[in-house]
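Chemist: Structure incoming, see below.
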Amino acid sequence: MTAAAATQTPGRRSRALILPAGLRRCVVPLALLVLWQASVGFGWISTRSIPSPSQILTAFWDLTVSGELAVHLLVSLGRVSAGLAIGVSAGTVCALIAGLSRRGEDALDALLQMLRTLPHLALVPLFILWFGIGETPKIALVALGTAFPIYLNLFAGIRTVDAKVVEAVSTLGLTRRELIAQVILPGALPAFLTGLRYALGVAWLSLVVGEQINASSGIGYLAMTAREFLRTDVIIVALIVYAILGLLADLIVRLIERRALVWRPAFIKE
Amino acid sequence: MSHALSPIPVSPYTTGKPVVSVRGLVRNFGNGNVLDGLSLDLQPGTFTALLGRSGCGKSTLLRTLAKLDPAPEGDVQLPEERAVVFQEPRLVPWMRVLRNVTLGLRHPDAEVRGLAALAEVGLSHRARAWPLTLSGGEAQRAALARALVREPRLLLLDEPFAALDALTRMRMQGLVETLWRTHAPAILLVTHDVDEALLLADRAVVMADGKIAADIPIPLARPRRHGDPGFIALRSRLLAELGVDEEHLAAREPQRIDAKGTDTRAAGAKPGSYGLPAGAAAAPSL
């Protein structure tokens, strides 16, 4: 190795250390963004295929200022909330019935295990025939998609609560209702929250598909109409909104977990 | 500091109406009777150790007395105030230690009683802790407090020290003895450890083939020491009842107890070993 190379190496290393770790991870995405902007600016890529980042930002701004985005966002959120409320409730009720009684399991589990193998998005044509093209099929799609992850996880959670702990607690004179409310259900909560996180992911996916069924509002509608006017910038804004909503939902479940599962060693700070 | 828990006004050595009365108890798990016409009385406030080889039915008897198994054949009279401590602490992980102790208590001053019980087992400072942060000994003391706070007339202990290291086990044995003297419940201690039985109990009951094979009083003065002549004599007798050839043992394991009477057993002796070191455990066809 030559002397010149030897002296150069430490210099380069120290320069890399100036950037903190978090910033260093942003270097490549930022460079790509600049490259993207330049490619569109110099006309190497047609704006009909993909608009420049600045055009997307402008579209985002215009949609926000005009209030259009907020309106569609609210409609989409309304659908997801309604679907989730129905799906999570149904999944929870079924899991409680099947999880807490042998007879309930006999009645429900086989049926639900069969139904869950069906890809629920494949039911869209059937749902249009059953429910028409209004709000119902969209909400039903979200509800159906979210019920299964909740059912499967909560059922397994109830059944895997530590039998030895339950046995010990049963010597303490609790009623069955107290035992379920204070021991079995809290014990199944971690599994429920895992199910909820899956359910939220499925909910957005179902919404994307559902809102492409003849919708007249919602984020999906925004994207579909933008396609007709070749507004790729608006389509990408819609995609970004979906991504942010998904991230937020995940964040909320994480916060709930942090609060509800404080007793777990992973969350205990001592 | 723990006056909320009043001792039961019965002398530990009274004989009279038994607190537990079992007559002709039969339990069958398909292939033969696990309990085969077993009869047993426990007097109020007495400390009884239940010994026997693995599979002799002593766990089944304890589970029957704890009402953990479905109603058996035979006549079983039990007090309402019962409590069980298992080999594992079996605390509810998502309830703080104090809540675990007071779980199921219907008194209006349950918290005060719970804190008093925790103070008695020396765990006041952990009342607000989560169970999964406790050490093995601490968790077992919490389980003991959970049993104690119910002021049981019958306390069932299912090998409660088997999973603890040797030092913690000795401390826990002392604690159980103190608590028994203070509160005077009838205690039934299931154990594999002959020395443990001789340290703590007034009476050793040996089970074999689903029946009581021997019922041996332990009239030793307390505090008891491993080296006392009475202790050694009873130890031989109990080992003989359990079918252990002691001379055979002695040849293999000459220095189990040192001069000061301190237990030199390795930490974490396995159940089934009768407190013998791991190497000797397999020898006398246990």
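By convention in this document, the chains of the structure tokens carry letters A, B, ... by their order, each chain's residues are numbered from 1, and ligands are numbered from 1 in the order they are shown.
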What are the closest atom pairs, with distances in Å to one decimal, for all residues of chain B lying within 6 Å of chain A? Consider only C-alpha atoms, order rows by chain and residue number, and present the result as a tab-separated table.

Modeler:
residue	atom	partner	partner_atom	distance
B:Arg90	CA	A:Val165	CA	4.9
B:Trp94	CA	A:Trp263	CA	5.3
B:Gly104	CA	A:Leu174	CA	5.2
B:Trp130	CA	A:Trp263	CA	5.8

Chemist: What's the 6 Å shell around Ala147 of chain B, counting only C-alpha atoms, without same-chain residues fewer than 3 positions away, as a list in words?

Modeler: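 Once the nearby chain positions are removed, what remains is Ala83, Leu144 and Arg150 of chain B.
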
Chemist: Quick one: write out the picked residues with C-alpha atoms as a PDB file, in the first residue's frame?

Modeler:
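Saved the output as result.pdb:
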ATOM      1  CA  ALA B  83     -55.326 -22.414  49.890  1.00  0.00           C
ATOM      2  CA  LEU B 144     -47.301 -17.869  49.784  1.00  0.00           C
ATOM      3  CA  ARG B 150     -57.111 -16.132  52.761  1.00  0.00           C
TER       4      ARG B 150
END

Chemist: When you look at Thr117 of chain A with a cut-off of 12 Å (counting only C-alpha atoms), what residues show up, excluding the ones that are within fewer than 6 positions of it in the same chain? I need them as an MDAnalysis selection string.

Modeler: chainID A and resid 110:111 145 148:149 152

Chemist: Could you find all residues in segment 53-274 of chain B that DSSP calls strand (DSSP E) from the backbone, and write them as JSON, numbers by chain?

Modeler: {"B": [73, 74, 75, 76, 77, 82, 83, 84, 85, 154, 155, 156, 157, 158, 186, 187, 188, 189, 190, 203, 204, 205, 206, 207, 208, 211, 212, 213, 214, 215, 216, 217]}

Chemist: Write the residues of the selection above to a file with N, CA and C atoms, as a compact mmCIF listing (two decimals), in the first residue's frame.

Modeler:
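The result, stored in out04.txt:
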# COMPACT_ATOMS: atom_id res chain seq x y z
N GLU B 73 -64.83 -40.57 44.19
CA GLU B 73 -65.57 -41.57 44.94
C GLU B 73 -65.07 -41.57 46.38
N GLY B 74 -65.96 -41.72 47.32
CA GLY B 74 -65.54 -41.74 48.71
C GLY B 74 -65.99 -40.48 49.43
N ASP B 75 -65.74 -40.44 50.72
CA ASP B 75 -66.20 -39.34 51.56
C ASP B 75 -65.04 -38.40 51.86
N VAL B 76 -65.16 -37.15 51.44
CA VAL B 76 -64.09 -36.17 51.68
C VAL B 76 -64.69 -34.95 52.35
N GLN B 77 -64.29 -34.71 53.60
CA GLN B 77 -64.74 -33.51 54.33
C GLN B 77 -63.61 -32.49 54.32
N ARG B 82 -59.52 -22.91 52.16
CA ARG B 82 -58.37 -23.70 51.70
C ARG B 82 -57.49 -22.81 50.85
N ALA B 83 -56.22 -23.13 50.80
CA ALA B 83 -55.33 -22.41 49.89
C ALA B 83 -54.26 -23.37 49.41
N VAL B 84 -53.75 -23.13 48.21
CA VAL B 84 -52.76 -24.01 47.61
C VAL B 84 -51.56 -23.19 47.16
N VAL B 85 -50.37 -23.73 47.40
CA VAL B 85 -49.16 -23.18 46.78
C VAL B 85 -48.54 -24.30 45.97
N LEU B 154 -56.81 -24.94 55.97
CA LEU B 154 -56.02 -26.00 55.34
C LEU B 154 -55.12 -25.37 54.28
N LEU B 155 -53.81 -25.53 54.44
CA LEU B 155 -52.86 -24.99 53.46
C LEU B 155 -52.18 -26.17 52.78
N LEU B 156 -52.37 -26.26 51.47
CA LEU B 156 -51.80 -27.36 50.70
C LEU B 156 -50.55 -26.86 49.98
N LEU B 157 -49.43 -27.53 50.20
CA LEU B 157 -48.18 -27.11 49.58
C LEU B 157 -47.69 -28.24 48.68
N ASP B 158 -47.69 -28.00 47.37
CA ASP B 158 -47.31 -29.05 46.42
C ASP B 158 -45.87 -28.86 45.97
N ALA B 186 -53.77 -26.06 59.28
CA ALA B 186 -53.31 -27.43 59.04
C ALA B 186 -52.58 -27.39 57.70
N ILE B 187 -51.33 -27.90 57.70
CA ILE B 187 -50.56 -27.87 56.45
C ILE B 187 -50.34 -29.29 55.97
N LEU B 188 -50.57 -29.49 54.67
CA LEU B 188 -50.18 -30.76 54.04
C LEU B 188 -49.12 -30.42 53.00
N LEU B 189 -47.90 -30.88 53.26
CA LEU B 189 -46.78 -30.56 52.39
C LEU B 189 -46.41 -31.80 51.58
N VAL B 190 -46.61 -31.74 50.28
CA VAL B 190 -46.15 -32.82 49.41
C VAL B 190 -44.69 -32.57 49.10
N ARG B 203 -45.61 -34.83 61.42
CA ARG B 203 -46.10 -36.16 61.07
C ARG B 203 -45.74 -36.39 59.61
N ALA B 204 -45.23 -37.57 59.32
CA ALA B 204 -44.91 -37.91 57.94
C ALA B 204 -45.82 -39.03 57.50
N VAL B 205 -46.52 -38.81 56.41
CA VAL B 205 -47.40 -39.84 55.86
C VAL B 205 -46.78 -40.33 54.57
N VAL B 206 -46.53 -41.62 54.50
CA VAL B 206 -45.92 -42.19 53.30
C VAL B 206 -47.00 -42.91 52.51
N MET B 207 -47.10 -42.57 51.24
CA MET B 207 -48.10 -43.21 50.37
C MET B 207 -47.45 -44.26 49.49
N ALA B 208 -48.18 -45.33 49.23
CA ALA B 208 -47.75 -46.34 48.25
C ALA B 208 -48.99 -47.00 47.68
N LYS B 211 -52.55 -45.85 48.71
CA LYS B 211 -53.00 -45.94 50.10
C LYS B 211 -51.94 -45.31 51.00
N ILE B 212 -52.31 -45.11 52.28
CA ILE B 212 -51.32 -44.69 53.25
C ILE B 212 -50.53 -45.93 53.68
N ALA B 213 -49.23 -45.94 53.40
CA ALA B 213 -48.41 -47.11 53.75
C ALA B 213 -47.82 -46.97 55.14
N ALA B 214 -47.55 -45.75 55.56
CA ALA B 214 -46.98 -45.55 56.90
C ALA B 214 -47.37 -44.17 57.39
N ASP B 215 -47.59 -44.06 58.67
CA ASP B 215 -47.99 -42.80 59.29
C ASP B 215 -47.09 -42.61 60.51
N ILE B 216 -46.09 -41.75 60.38
CA ILE B 216 -45.02 -41.70 61.37
C ILE B 216 -45.02 -40.33 62.06
N PRO B 217 -45.23 -40.29 63.37
CA PRO B 217 -45.14 -39.00 64.08
C PRO B 217 -43.69 -38.53 64.14

Chemist: Report the residues of segment 119-274 of chain B whose backbone DSSP state falls under helix (DSSP H, G or I), written as a ChimeraX atom specification.

Modeler: /B:119-120,124-126,131-133,136-148,166-183,194-200,229-241,246-252

Chemist: Using only C-alpha atoms, find the one residue out of B:Ala233, B:His226, B:Gln87, B:Arg53 that sits nearest to Arg169 of chain B.

Modeler: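 Counting only C-alpha atoms, the residue closest to Arg169 of chain B is B:Gln87.
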
Chemist: Got a sec: who's within 12 Å of Ser21 of chain B, counting only C-alpha atoms, leaving out chain neighbours fewer than 4 positions off, as a VMD selection string?

Modeler: chain B and resid 16 to 17 25 38 to 44 65 74 to 79 154

Chemist: State, in Å with one decimal place, the distance from atom CA of Ile236 of chain A to atom CA of Ile56 of chain A.

Modeler: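 Computing the Euclidean distance for atom CA of Ile236 of chain A and atom CA of Ile56 of chain A yields 7.1 Å.
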
Chemist: Quick one: of B:Ala49, B:Val34, B:Ile218, B:Val20, who's nearest to Leu61 of chain B, counting only C-alpha atoms?

Modeler: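 Closest to Leu61 of chain B of all the choices is B:Val34.
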
Chemist: I'd like the contact shell of segment 129-136 of chain A - 10 Å cut-off, only C-alpha atoms, skipping same-chain residues fewer than 2 positions apart - returned as an MDAnalysis selection string.

Modeler: chainID A and resid 79 83 124:127 138:141 210:211 213:216

Chemist: Pick from A:Pro53, A:Ile128, A:His72, A:Cys94: nearest to Ala223 of chain A, with only C-alpha atoms counted?

Modeler: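 Nearest to Ala223 of chain A: A:His72.
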
Chemist: State, in Å with one decimal place, the distance from atom CA of Leu35 of chain B to atom CA of Gly57 of chain B.

Modeler: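 One can read the atom CA of Leu35 of chain B to atom CA of Gly57 of chain B distance as 6.1 Å.
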
Chemist: Excluding same-chain residues fewer than 3 positions from Leu200 of chain B, what lies within 9 Å of it counting only C-alpha atoms, as a ChimeraX atom specification?

Modeler: /B:47-49,173-174,176-177,195-197,222,224
